[in-house]
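Okay, structure first, notes after.
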Amino acid sequence: MMTRYTHLELNQDIRAPSGYYTPQKEIRLQYNGREVLYIVSHAVIESSCCGASDFVSAQVPGFIVRWRGETNAIGLPVSDVEPITDIEIQDKIRKAIKENEGLSQVEFW
């Protein structure tokens, strides 16, 4: 199965009802002859039932199938990715990202 990932502008805040997040960098990680796309983001929760907080995390859209092959209606680049659903592969990639980035939260889409 393949999905589309729209690349967001880096270092630009994206507002949400309870705060915002900021994509800081995109990384193409080599894994078993393929490339994994992950995005490191900083999130700030300004108001919620539990108070305020902030954290840095990585989001993993998947294996890159086609890199920035086109743009969407507002001019942002779009890549085709294959979601990573195998738990064992996710664990290995999660470990590599944690070691590379020094963060504790890695989410797969």
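So you can find residues: chains in the structure tokens are A, B, ... in the order shown, residues in each start at 1, and ligands are numbered from 1 in order.
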### Task
Please identify all polymer residues within 12 Å of A:Leu8, counting only C-alpha atoms, omitting same-chain residues fewer than 3 positions from it, and present them as a count of residues only.
23
### DSSP strand (DSSP E or B) residues within stretch 40-86 of chain A, as a ChimeraX atom specification
/A:40-45,53-71,77-82
Deliver the residues from the most recent selection as a file, using C-alpha atoms, as a PDB file, in the first residue's frame.
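Result saved to out.pdb:
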ATOM      1  CA  VAL A  40      11.647  15.707  13.699  1.00  0.00           C
ATOM      2  CA  SER A  41       9.125  18.148  15.175  1.00  0.00           C
ATOM      3  CA  HIS A  42       8.766  20.261  18.286  1.00  0.00           C
ATOM      4  CA  ALA A  43       5.255  20.363  19.756  1.00  0.00           C
ATOM      5  CA  VAL A  44       3.901  22.789  22.331  1.00  0.00           C
ATOM      6  CA  ILE A  45       0.652  22.180  24.174  1.00  0.00           C
ATOM      7  CA  SER A  53       3.946  20.936  27.996  1.00  0.00           C
ATOM      8  CA  ASP A  54       6.351  20.694  25.105  1.00  0.00           C
ATOM      9  CA  PHE A  55       8.331  17.875  23.537  1.00  0.00           C
ATOM     10  CA  VAL A  56      10.366  16.850  20.504  1.00  0.00           C
ATOM     11  CA  SER A  57       9.360  13.757  18.571  1.00  0.00           C
ATOM     12  CA  ALA A  58       9.871  12.013  15.253  1.00  0.00           C
ATOM     13  CA  GLN A  59       7.096  11.034  12.867  1.00  0.00           C
ATOM     14  CA  VAL A  60       7.711   8.280  10.318  1.00  0.00           C
ATOM     15  CA  PRO A  61       5.478   8.367   7.222  1.00  0.00           C
ATOM     16  CA  GLY A  62       7.277   5.312   5.776  1.00  0.00           C
ATOM     17  CA  PHE A  63       9.652   4.033   3.120  1.00  0.00           C
ATOM     18  CA  ILE A  64      10.243   6.505   0.303  1.00  0.00           C
ATOM     19  CA  VAL A  65       8.862   5.247  -3.005  1.00  0.00           C
ATOM     20  CA  ARG A  66       9.058   8.514  -4.970  1.00  0.00           C
ATOM     21  CA  TRP A  67      10.744  11.615  -3.552  1.00  0.00           C
ATOM     22  CA  ARG A  68       8.990  14.954  -4.092  1.00  0.00           C
ATOM     23  CA  GLY A  69       7.542  13.810  -7.399  1.00  0.00           C
ATOM     24  CA  GLU A  70       5.002  16.639  -7.664  1.00  0.00           C
ATOM     25  CA  THR A  71       3.483  19.576  -5.808  1.00  0.00           C
ATOM     26  CA  PRO A  77       6.052  19.075  -2.489  1.00  0.00           C
ATOM     27  CA  VAL A  78       4.473  15.624  -2.253  1.00  0.00           C
ATOM     28  CA  SER A  79       6.264  12.278  -1.936  1.00  0.00           C
ATOM     29  CA  ASP A  80       4.902   8.753  -2.242  1.00  0.00           C
ATOM     30  CA  VAL A  81       5.671   6.565   0.769  1.00  0.00           C
ATOM     31  CA  GLU A  82       4.955   3.022   1.856  1.00  0.00           C
TER      32      GLU A  82
END
### Task
Report as a list of chain:residue names: the residues of chain A with a DSSP assignment of helix (DSSP H, G or I), based on the backbone of this structure.
A:Ile87, A:Glu88, A:Ile89, A:Gln90, A:Asp91, A:Lys92, A:Ile93, A:Arg94, A:Lys95, A:Ala96, A:Ile97, A:Lys98, A:Glu99, A:Asn100, A:Glu101
Keeping only C-alpha atoms, take the residues you just selected and write them out as a compact mmCIF listing (two decimals), in the first residue's frame.
# COMPACT_ATOMS: atom_id res chain seq x y z
CA ILE A 87 6.39 -4.28 14.20
CA GLU A 88 9.88 -5.79 14.16
CA ILE A 89 11.04 -3.37 11.44
CA GLN A 90 9.39 -0.48 13.29
CA ASP A 91 11.30 -1.40 16.45
CA LYS A 92 14.65 -1.44 14.59
CA ILE A 93 13.95 1.88 12.88
CA ARG A 94 12.67 3.40 16.14
CA LYS A 95 15.92 2.39 17.87
CA ALA A 96 18.04 3.93 15.08
CA ILE A 97 16.07 7.20 15.17
CA LYS A 98 16.29 7.42 18.96
CA GLU A 99 20.05 6.89 18.80
CA ASN A 100 20.49 9.43 15.96
CA GLU A 101 18.27 12.13 17.42
### Query
By how many Å are atom CA of A:Gly102 and atom CA of A:Asp86 apart?
23.2 Å
### Summary
Counting only C-alpha atoms, the residue among A:Tyr20, A:Pro83, A:Val106, A:Thr6 that lies closest to A:Glu46 is A:Tyr20
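Between atom CA of A:Arg28 and atom CA of A:His7 the separation is 12.9 Å.
In this structure, atom CA of A:Phe108 sits 8.2 Å away from atom CA of A:Thr85.
Between A:Arg34 and the candidates A:Leu103, A:Arg15, A:Ile84, A:Thr3, the tightest atom-to-atom separation, counting only C-alpha atoms, involves A:Ile84.
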### Query
Smallest atom-to-atom distance to A:Tyr38: which of A:Pro17, A:Glu9, A:Trp109, A:Met2, using only C-alpha atoms?
A:Trp109
